Structure formats: C-alpha cells, structure tokens
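S.K.: If it helps, the file is called query.txt and holds compact mmCIF, C-alpha atoms:
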# COMPACT_ATOMS: atom_id res chain seq x y z
CA MET A 1 4.27 9.20 -18.35
CA THR A 2 4.18 5.97 -16.42
CA HIS A 3 5.30 2.55 -17.61
CA GLN A 4 1.89 1.18 -18.44
CA SER A 5 0.73 -2.41 -18.72
CA THR A 6 -1.21 -3.60 -21.75
CA ALA A 7 -4.55 -3.38 -19.93
CA VAL A 8 -4.54 0.36 -19.31
CA HIS A 9 -8.02 1.09 -20.60
CA ALA A 10 -9.92 -1.81 -19.05
CA LEU A 11 -8.51 -2.68 -15.65
CA ALA A 12 -12.02 -2.45 -14.22
CA PRO A 13 -15.24 -1.50 -16.04
CA ALA A 14 -17.36 1.25 -14.53
CA SER A 15 -19.31 0.14 -11.47
CA GLY A 16 -22.91 0.92 -10.64
CA ASP A 17 -21.63 3.98 -8.78
CA GLY A 18 -19.92 5.18 -11.95
CA VAL A 19 -16.41 4.40 -10.64
CA GLU A 20 -13.94 3.56 -13.42
CA VAL A 21 -10.49 2.14 -12.65
CA ARG A 22 -7.47 2.37 -14.96
CA LEU A 23 -3.86 3.48 -15.03
CA ALA A 24 -2.89 7.14 -15.32
CA GLU A 25 -2.43 8.22 -18.91
CA SER A 26 -1.04 11.74 -18.53
CA ARG A 27 1.00 14.00 -16.28
CA ALA A 28 -2.22 15.82 -15.42
CA GLU A 29 -3.76 12.61 -14.09
CA ILE A 30 -0.64 11.85 -12.06
CA ALA A 31 -0.83 15.36 -10.60
CA ALA A 32 -4.49 14.75 -9.72
CA ALA A 33 -3.46 11.61 -7.82
CA GLN A 34 -0.70 13.54 -6.04
CA ARG A 35 -3.23 16.22 -5.09
CA ILE A 36 -5.55 13.68 -3.48
CA ARG A 37 -2.60 12.11 -1.67
CA TYR A 38 -1.69 15.53 -0.28
CA ARG A 39 -5.21 16.18 0.96
CA VAL A 40 -5.54 12.78 2.62
CA PHE A 41 -2.04 12.29 4.05
CA TYR A 42 -1.03 15.84 4.93
CA GLU A 43 -4.23 17.80 5.49
CA GLU A 44 -6.37 15.00 6.90
CA MET A 45 -3.92 12.61 8.59
CA GLY A 46 -1.32 15.09 9.80
CA ALA A 47 1.74 14.11 7.75
CA ARG A 48 4.50 16.70 7.47
CA PRO A 49 5.01 18.08 3.95
CA SER A 50 8.22 19.55 2.63
CA ALA A 51 8.18 23.23 1.70
CA ALA A 52 7.88 22.31 -1.98
CA MET A 53 4.96 19.97 -1.30
CA ARG A 54 3.19 22.62 0.77
CA ALA A 55 3.63 25.23 -1.94
CA LEU A 56 2.22 22.96 -4.66
CA GLU A 57 -0.23 21.09 -2.43
CA LEU A 58 1.02 17.84 -3.98
CA ASP A 59 2.54 14.69 -2.46
CA PHE A 60 5.41 13.62 -4.70
CA ASP A 61 8.77 11.88 -4.83
CA ASP A 62 11.13 10.26 -7.34
CA TYR A 63 8.97 7.16 -7.75
CA ASP A 64 6.05 9.03 -9.26
CA GLN A 65 7.71 9.48 -12.64
CA VAL A 66 8.66 5.81 -13.09
CA CYS A 67 5.85 3.79 -11.47
CA ASP A 68 2.29 3.01 -12.51
CA HIS A 69 -0.55 4.98 -10.91
CA LEU A 70 -3.80 3.10 -10.52
CA LEU A 71 -6.70 5.56 -10.54
CA ALA A 72 -10.35 5.47 -9.56
CA LEU A 73 -12.34 8.03 -11.53
CA VAL A 74 -15.92 9.31 -11.38
CA ASP A 75 -17.09 11.29 -14.41
CA GLY A 76 -13.45 11.68 -15.43
CA GLU A 77 -12.35 13.09 -12.05
CA VAL A 78 -9.65 11.23 -10.12
CA VAL A 79 -11.11 10.29 -6.72
CA GLY A 80 -8.72 7.54 -5.59
CA THR A 81 -5.29 6.15 -6.29
CA TYR A 82 -2.82 3.33 -5.65
CA ARG A 83 0.89 3.49 -6.49
CA LEU A 84 2.33 0.38 -8.15
CA ILE A 85 6.11 -0.14 -8.26
CA ARG A 86 7.62 -3.09 -10.11
CA ARG A 87 11.28 -4.05 -10.32
CA HIS A 88 12.09 -1.95 -13.39
CA ALA A 89 10.72 1.18 -11.71
CA ALA A 90 12.51 0.50 -8.42
CA ALA A 91 15.77 -0.01 -10.34
CA GLN A 92 15.49 3.48 -11.85
CA VAL A 93 15.30 5.03 -8.39
CA GLY A 94 17.80 2.62 -6.87
CA ARG A 95 15.55 0.67 -4.51
CA PHE A 96 11.95 -0.07 -3.61
CA TYR A 97 10.28 2.59 -1.48
CA SER A 98 9.85 0.34 1.56
CA ALA A 99 13.54 -0.64 1.37
CA GLY A 100 14.11 2.63 3.21
CA GLU A 101 12.44 1.05 6.26
CA PHE A 102 12.79 -2.72 5.87
CA ASP A 103 15.28 -5.32 4.65
CA LEU A 104 13.50 -6.83 1.64
CA SER A 105 16.22 -9.34 0.75
CA PRO A 106 14.25 -12.45 1.85
CA PHE A 107 11.89 -12.05 -1.12
CA ALA A 108 12.56 -9.01 -3.33
CA ASP A 109 15.12 -10.84 -5.48
CA SER A 110 13.19 -14.10 -5.66
CA PRO A 111 12.12 -15.52 -9.05
CA GLY A 112 9.05 -13.97 -10.60
CA GLU A 113 7.75 -10.42 -10.72
CA VAL A 114 7.12 -8.56 -7.48
CA LEU A 115 4.91 -5.54 -6.94
CA GLU A 116 5.19 -2.91 -4.23
CA LEU A 117 1.92 -1.25 -3.25
CA GLY A 118 1.74 2.17 -1.68
CA ARG A 119 0.09 5.58 -1.35
CA SER A 120 -3.40 4.11 -1.36
CA CYS A 121 -6.05 6.72 -0.65
CA VAL A 122 -9.54 7.82 -1.65
CA ASP A 123 -11.05 11.29 -1.55
CA ALA A 124 -13.36 11.73 1.44
CA ARG A 125 -16.36 12.35 -0.82
CA CYS A 126 -16.01 8.88 -2.37
CA ARG A 127 -14.65 6.94 0.60
CA HIS A 128 -16.97 3.98 0.64
CA ARG A 129 -16.59 0.24 0.21
CA GLY A 130 -17.44 0.33 -3.47
CA THR A 131 -14.52 2.60 -4.43
CA LEU A 132 -11.97 0.49 -2.57
CA GLN A 133 -13.39 -2.69 -4.10
CA MET A 134 -13.06 -1.16 -7.55
CA LEU A 135 -9.44 -0.23 -6.88
CA TRP A 136 -8.75 -3.78 -5.76
CA GLN A 137 -10.51 -5.14 -8.84
CA GLY A 138 -8.17 -3.03 -10.95
CA LEU A 139 -5.24 -4.25 -8.88
CA ALA A 140 -6.28 -7.86 -9.50
CA ALA A 141 -6.37 -7.26 -13.25
CA TYR A 142 -2.97 -5.57 -13.11
CA MET A 143 -1.59 -8.46 -11.09
CA VAL A 144 -2.76 -11.02 -13.65
CA ASP A 145 -1.68 -8.89 -16.61
CA ASN A 146 1.87 -8.57 -15.25
CA ASP A 147 2.16 -12.08 -13.75
CA ILE A 148 2.84 -10.78 -10.25
CA LYS A 149 4.12 -13.43 -7.83
CA THR A 150 4.55 -11.37 -4.65
CA LEU A 151 2.79 -8.25 -3.39
CA PHE A 152 4.28 -6.17 -0.60
CA GLY A 153 4.27 -2.75 0.95
CA CYS A 154 4.08 -0.80 4.18
CA GLY A 155 0.93 -1.19 6.23
CA SER A 156 0.48 1.88 8.40
CA LEU A 157 -0.99 2.17 11.87
CA PRO A 158 -1.97 5.74 12.79
CA GLY A 159 0.25 7.35 15.39
CA THR A 160 3.86 7.09 16.51
CA ASP A 161 3.59 5.95 20.13
CA PRO A 162 4.57 2.25 20.41
CA ALA A 163 3.01 2.02 23.87
CA ILE A 164 -0.41 2.96 22.53
CA LEU A 165 -0.04 0.62 19.55
CA ALA A 166 1.38 -2.28 21.56
CA PRO A 167 -1.82 -4.42 21.47
CA GLN A 168 -2.08 -4.11 17.67
CA LEU A 169 1.61 -4.87 17.14
CA ALA A 170 1.53 -7.82 19.54
CA TYR A 171 -1.54 -9.21 17.77
CA LEU A 172 0.13 -8.94 14.36
CA ARG A 173 3.29 -10.59 15.69
CA ASP A 174 1.45 -13.42 17.39
CA ASN A 175 -0.99 -14.19 14.56
CA HIS A 176 0.43 -13.02 11.24
CA LEU A 177 4.24 -13.16 11.39
CA ALA A 178 5.67 -14.07 7.98
CA PRO A 179 7.55 -17.33 7.41
CA PRO A 180 11.35 -16.87 7.19
CA GLU A 181 11.41 -16.74 3.38
CA LEU A 182 9.07 -13.72 3.40
CA ARG A 183 10.11 -12.09 6.68
CA GLY A 184 11.60 -8.72 5.86
CA ARG A 185 12.97 -7.00 8.97
CA ALA A 186 12.83 -3.43 10.18
CA LEU A 187 16.19 -1.78 9.53
CA PRO A 188 18.24 -1.37 12.71
CA HIS A 189 19.20 2.26 12.01
CA ARG A 190 15.57 3.38 11.80
CA ASP A 191 13.41 4.44 14.73
CA ARG A 192 12.02 0.94 15.11
CA VAL A 193 9.90 -1.21 17.39
CA ASP A 194 11.46 -4.59 18.16
CA PHE A 195 8.69 -7.19 18.24
CA ALA A 196 10.62 -9.20 20.83
CA THR A 197 10.32 -6.35 23.33
CA ILE A 198 6.55 -5.95 23.08
CA ASP A 199 4.84 -7.23 26.21
CA SER A 200 1.16 -6.56 25.73
CA GLU A 201 -2.06 -8.48 25.99
CA TRP A 202 -4.56 -8.24 23.16
CA GLU A 203 -8.17 -9.16 22.51
CA ALA A 204 -8.68 -10.18 18.89
CA ARG A 205 -12.08 -8.57 18.33
CA ARG A 206 -11.01 -5.25 19.80
CA VAL A 207 -7.70 -5.19 17.89
CA LEU A 208 -9.32 -6.08 14.58
CA ALA A 209 -11.87 -3.30 15.05
CA SER A 210 -9.01 -0.83 15.51
CA LEU A 211 -6.87 -1.86 12.54
CA PRO A 212 -7.03 0.31 9.40
CA PRO A 213 -9.38 -1.21 6.78
CA LEU A 214 -6.61 -1.56 4.19
CA LEU A 215 -4.39 -3.53 6.56
CA LYS A 216 -7.30 -5.76 7.54
CA GLY A 217 -7.97 -6.36 3.87
CA TYR A 218 -4.42 -7.56 3.30
CA LEU A 219 -4.68 -9.91 6.26
CA ARG A 220 -7.92 -11.39 4.96
CA LEU A 221 -6.14 -12.14 1.69
CA GLY A 222 -3.43 -14.08 3.49
CA GLY A 223 -1.01 -11.23 4.07
CA VAL A 224 1.78 -11.78 6.58
CA ILE A 225 3.85 -9.29 8.57
CA GLY A 226 7.60 -8.74 8.63
CA ASP A 227 9.66 -8.61 11.81
CA GLY A 228 9.45 -5.29 13.63
CA ALA A 229 7.83 -1.94 12.93
CA VAL A 230 9.24 1.42 11.86
CA ILE A 231 8.05 4.78 13.16
CA ASP A 232 7.51 7.18 10.26
CA HIS A 233 7.52 10.65 11.77
CA GLN A 234 6.85 12.38 8.44
CA PHE A 235 3.60 10.52 7.88
CA ASN A 236 2.67 10.27 11.58
CA THR A 237 2.38 6.48 11.35
CA THR A 238 3.96 3.28 12.61
CA ASP A 239 4.65 0.96 9.66
CA VAL A 240 4.74 -2.80 9.37
CA LEU A 241 5.83 -4.69 6.26
CA VAL A 242 2.99 -6.64 4.65
CA VAL A 243 3.81 -9.43 2.18
CA VAL A 244 1.34 -11.49 0.15
CA ASN A 245 2.34 -14.55 -1.86
CA THR A 246 -0.08 -14.44 -4.79
CA ALA A 247 0.09 -18.23 -5.21
CA ASP A 248 -1.67 -18.52 -1.86
CA ILE A 249 -4.49 -16.14 -2.77
CA ALA A 250 -4.79 -16.34 -6.56
CA GLY A 251 -8.08 -18.22 -6.67
CA ARG A 252 -10.09 -16.30 -4.10
CA TYR A 253 -8.45 -12.93 -4.84
CA VAL A 254 -8.86 -12.95 -8.60
CA LYS A 255 -12.31 -14.52 -8.42
CA ARG A 256 -13.47 -12.05 -5.79
CA PHE A 257 -12.29 -8.94 -7.58
CA THR A 258 -12.54 -9.78 -11.29
CA VAL A 259 -15.82 -11.67 -11.58
Any chance you could give the structure as structure tokens?
M.R.:
Amino acid sequence: MTHQSTAVHALAPASGDGVEVRLAESRAEIAAAQRIRYRVFYEEMGARPSAAMRALELDFDDYDQVCDHLLALVDGEVVGTYRLIRRHAAAQVGRFYSAGEFDLSPFADSPGEVLELGRSCVDARCRHRGTLQMLWQGLAAYMVDNDIKTLFGCGSLPGTDPAILAPQLAYLRDNHLAPPELRGRALPHRDRVDFATIDSEWEARRVLASLPPLLKGYLRLGGVIGDGAVIDHQFNTTDVLVVVNTADIAGRYVKRFTV
C-alpha cells in the first residue's frame, strides 16, 4: 500500500467524461498503473525494459512501494497515472528518483515539503486534454492537502541525440533557466549535455510546438529548468530538471485546477 494523504477519496470529483482522480488504494491498482506505464513507455515510446519487466509487462522499481500513485479512472478502470514522491518516501529508498541524474541540493533540503513528480502517462484511448486536466486537478488537491512548497521532476524530450534537440535545449536555457537557489545541475558522471556548449539558434513558436505537452504545461505554471540535460538511454529520452516554486503559482494553479 502507498502512504496516502487524507484526501484519498476526493482528490477530484468525476468529470463530465466520467474521469475520477484519486490515490491508489490497493496493490492491484498500483499494478494497473504499472501496466499502463509499461504500455506507454516501453511499447509505445521505445524504452528498454529489464527482463523482469518484459516478462510481467509492468514498469516498476523500488519507489512504487513507498510513494503515492495518483490515478485517473473511468468506470473503475485505471487509464492514467502520476507518481508522487515526498521526502519520507525518498528516504526509504535512499534518494529521490531524479537524484540519479541531477544534483538536487540547491532545493531538496530547503524548509517545507517538496514533491517529486514522475511517470506521468495516460492510456492512448483516453489521451485527451480532459484526462490530463483531471490529473492536474488531483495534483493540485494533493499539493494543498500536503502543504507542498516545491514541485520538481524530470522533464523528458523524446530522443537521445543532442544535436537534434539543440534548439529545444537552447530555448530552455535562454528563457527558463532556474535561479541559483533552484538550479539543480546534471551530474558530471552521467551522459550529459552541458548547456554552455550548446550553440544553436531557435525560433520560439517552432520550439514550443515541438515540446512535449507536459513540459509546456510546467513552463506555463512558472516552471524553471536546471543546468544541463541528461541522456536517459533506457527511456530513449533526454531529461531536463524542472522545478516549480508553489508560492509563485499557488493562486493561478490552485484556482485553475480546483475550481
């Protein structure tokens, strides 16, 4: 079972499309989320599963047994998920997930609760704006319920060729680089892209059209980007660290997703 907040049953009431959002309440629901993650990340996006993952057709790791799993459900079936890791869960594993790619010291130990977001995905049958909005409405309720001060996580660009992704990375560096107190850095021992070495022109409209919707959503909410990117060969992505100070977005974020 996950470590659940007090608002498990009412993170977001059912929408007009019949989408309900709440935290996972059983191992079976966690497995359903892991199954969707496997379909989206490994079968659809080309990530590389371990032999155990392939045999079970589940995406899983040590965090799944200690974190909260935000679920979107339609008629009781899990159709979307978001993984939520707070300090107590990260401590049980030994670190936050993204600490394997980035130095989180500028903000991870700061006063107030922090929340790492990850493994966001929606089944292809329900992949429309309404489902993602419902997940974010549930996230807003969770954030308020647990007094979250800082949100962070890896934002993934598809592909592992820095040359192809240079315009997107240069745009993020030039327009959304985090202030020093929030600027986690790509770890030097990882296969990383040094922002200082990127020499690429970009056109804002074209870059924004090419960014993944989730990453664009974080930027619209005031998200900022850490220094450098990390190439994740397992997931076939190039990752940047996204950090959001909830004090900067509390009014518009909570109003937008909870009203």
S.K.: Which of these residues is nearest to Arg173 (chain A), using all atoms listed in the file: A:Leu214, A:Val242, A:Ala47, A:Ala124?
M.R.: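 Answer, going by the shortest atom-to-atom distance: A:Val242.
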S.K.: Report as a PyMOL selection string all protein, DNA and RNA residues lying within 9 Å of Tyr97 (chain A), evaluated on all atoms listed in the file, omitting residues in the same chain fewer than 4 positions from it.
M.R.: chain A and resi 63+85+90+93+101+116+118+153
S.K.: Just to confirm, what's the straight-line distance from CA of Thr238 (chain A) to CA of Arg190 (chain A) in Å (one decimal)?
M.R.: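 Distance reported for this atom pair: 11.6 Å.
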S.K.: Can you work out which one of A:Phe102, A:Arg119, A:Ala52, A:Val19 has the shortest atom-to-atom distance to Val74 (chain A), counting only C-alpha atoms?
M.R.: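 Distance minimum relative to Val74 (chain A) lands on A:Val19.
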S.K.: I'd like to know which of A:Phe152, A:Tyr171, A:Phe96, A:Tyr82 is closest to Leu135 (chain A), using all atoms listed in the file.
M.R.: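 Closest residue, counting all atoms listed in the file: A:Tyr82.
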S.K.: Hey, what's within 7 Å of Leu241 (chain A) if we count only C-alpha atoms and toss same-chain stuff fewer than 2 positions away? As a PyMOL selection string, please?
M.R.: chain A and resi 153-155+225-226+239+243
S.K.: Write a file of the selected residues as a PDB file, in the frame of the given file, keeping C-alpha atoms.
M.R.:
ATOM      1  CA  GLY A 153       4.270  -2.750   0.950  1.00  0.00           C
ATOM      2  CA  CYS A 154       4.080  -0.800   4.180  1.00  0.00           C
ATOM      3  CA  GLY A 155       0.930  -1.190   6.230  1.00  0.00           C
ATOM      4  CA  ILE A 225       3.850  -9.290   8.570  1.00  0.00           C
ATOM      5  CA  GLY A 226       7.600  -8.740   8.630  1.00  0.00           C
ATOM      6  CA  ASP A 239       4.650   0.960   9.660  1.00  0.00           C
ATOM      7  CA  VAL A 243       3.810  -9.430   2.180  1.00  0.00           C
TER       8      VAL A 243
END
S.K.: Considering only C-alpha atoms, can you say which of A:Leu73, A:Val66, A:Val230, A:Ala24 comes closest to Leu157 (chain A)?
M.R.: A:Val230
S.K.: Between A:Arg183, A:Arg22, A:Arg27, A:Arg220, which one has atoms that come closest to Phe107 (chain A), using all atoms listed in the file?
M.R.: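 Looking only at the distances to Phe107 (chain A), the closest residue turns out to be A:Arg183.
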S.K.: Could you check the closest approach to Leu219 (chain A) for each of A:Leu172, A:Ile198, A:Val21, A:Arg185 and tell me which residue wins, using all atoms listed in the file?
M.R.: A:Leu172
S.K.: If I take CA of Tyr218 (chain A) and CA of Ser200 (chain A), how far is one from the other in Å, to one decimal?
M.R.: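 Separating CA of Tyr218 (chain A) from CA of Ser200 (chain A) is a distance of 23.1 Å.
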S.K.: Quote the spacing between CA of Pro212 (chain A) and CA of Leu71 (chain A) in Å to one decimal place.
M.R.: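 We find that CA of Pro212 (chain A) and CA of Leu71 (chain A) lie 20.6 Å from each other.
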S.K.: Which residues come within 10 Å of Met45 (chain A), counting all atoms listed in the file, excluding same-chain residues fewer than 4 positions away, as an MDAnalysis selection string?
M.R.: chainID A and resid 38:41 158:159 235:237
S.K.: What's the 10 Å shell around Ala170 (chain A), counting only C-alpha atoms, without same-chain residues fewer than 4 positions away, as a PyMOL selection string?
M.R.: chain A and resi 165-166+174-176+195-202+207
S.K.: Find the residues around Arg206 (chain A) up to 10 Å (all atoms listed in the file counted), leave out those fewer than 4 positions away in its own chain, and share them as a ChimeraX atom specification.
M.R.: /A:167-168,202,210-211
S.K.: Kindly add N, CA and C atoms to the incomplete region 76-104 of chain A and provide the output as a compact mmCIF listing (two decimals), in the frame of the given file.
M.R.:
# COMPACT_ATOMS: atom_id res chain seq x y z
N GLY A 76 -14.73 11.17 -14.95
CA GLY A 76 -13.45 11.68 -15.43
C GLY A 76 -12.58 12.32 -14.36
N GLU A 77 -13.11 12.48 -13.15
CA GLU A 77 -12.35 13.09 -12.05
C GLU A 77 -11.67 12.01 -11.22
N VAL A 78 -10.38 12.18 -10.94
CA VAL A 78 -9.65 11.23 -10.12
C VAL A 78 -10.11 11.37 -8.67
N VAL A 79 -10.61 10.25 -8.10
CA VAL A 79 -11.11 10.29 -6.72
C VAL A 79 -10.37 9.30 -5.82
N GLY A 80 -9.48 8.49 -6.39
CA GLY A 80 -8.72 7.54 -5.59
C GLY A 80 -7.49 7.08 -6.35
N THR A 81 -6.53 6.54 -5.63
CA THR A 81 -5.29 6.15 -6.29
C THR A 81 -4.55 5.08 -5.50
N TYR A 82 -3.71 4.36 -6.22
CA TYR A 82 -2.82 3.33 -5.65
C TYR A 82 -1.53 3.44 -6.45
N ARG A 83 -0.39 3.42 -5.77
CA ARG A 83 0.89 3.49 -6.49
C ARG A 83 1.47 2.09 -6.62
N LEU A 84 1.86 1.73 -7.83
CA LEU A 84 2.33 0.38 -8.15
C LEU A 84 3.76 0.45 -8.66
N ILE A 85 4.68 -0.18 -7.92
CA ILE A 85 6.11 -0.14 -8.26
C ILE A 85 6.60 -1.55 -8.52
N ARG A 86 7.02 -1.81 -9.77
CA ARG A 86 7.62 -3.09 -10.11
C ARG A 86 9.14 -2.95 -10.14
N ARG A 87 9.82 -4.05 -10.41
CA ARG A 87 11.28 -4.05 -10.32
C ARG A 87 11.93 -3.01 -11.23
N HIS A 88 11.44 -2.88 -12.45
CA HIS A 88 12.09 -1.95 -13.39
C HIS A 88 11.99 -0.52 -12.89
N ALA A 89 10.88 -0.18 -12.25
CA ALA A 89 10.72 1.18 -11.71
C ALA A 89 11.61 1.38 -10.50
N ALA A 90 11.65 0.40 -9.60
CA ALA A 90 12.51 0.50 -8.42
C ALA A 90 13.97 0.65 -8.82
N ALA A 91 14.38 -0.07 -9.89
CA ALA A 91 15.77 -0.01 -10.34
C ALA A 91 16.14 1.39 -10.80
N GLN A 92 15.19 2.12 -11.38
CA GLN A 92 15.49 3.48 -11.85
C GLN A 92 15.72 4.44 -10.70
N VAL A 93 15.08 4.20 -9.57
CA VAL A 93 15.30 5.03 -8.39
C VAL A 93 16.47 4.53 -7.57
N GLY A 94 16.69 3.22 -7.61
CA GLY A 94 17.80 2.62 -6.87
C GLY A 94 17.37 1.63 -5.81
N ARG A 95 16.06 1.60 -5.50
CA ARG A 95 15.55 0.67 -4.51
C ARG A 95 14.03 0.78 -4.49
N PHE A 96 13.38 -0.20 -3.88
CA PHE A 96 11.95 -0.07 -3.61
C PHE A 96 11.74 0.96 -2.50
N TYR A 97 10.58 1.57 -2.49
CA TYR A 97 10.28 2.59 -1.48
C TYR A 97 10.42 2.04 -0.07
N SER A 98 9.83 0.88 0.19
CA SER A 98 9.85 0.34 1.56
C SER A 98 11.22 -0.19 1.96
N ALA A 99 12.17 -0.26 1.01
CA ALA A 99 13.54 -0.64 1.37
C ALA A 99 14.20 0.43 2.23
N GLY A 100 13.61 1.61 2.31
CA GLY A 100 14.11 2.63 3.21
C GLY A 100 13.76 2.35 4.66
N GLU A 101 12.84 1.39 4.91
CA GLU A 101 12.44 1.05 6.26
C GLU A 101 12.72 -0.41 6.61
N PHE A 102 12.70 -1.29 5.60
CA PHE A 102 12.79 -2.72 5.87
C PHE A 102 13.81 -3.39 4.95
N ASP A 103 14.41 -4.46 5.45
CA ASP A 103 15.28 -5.32 4.65
C ASP A 103 14.38 -6.24 3.83
N LEU A 104 14.38 -6.06 2.51
CA LEU A 104 13.50 -6.83 1.64
C LEU A 104 14.19 -8.04 1.03
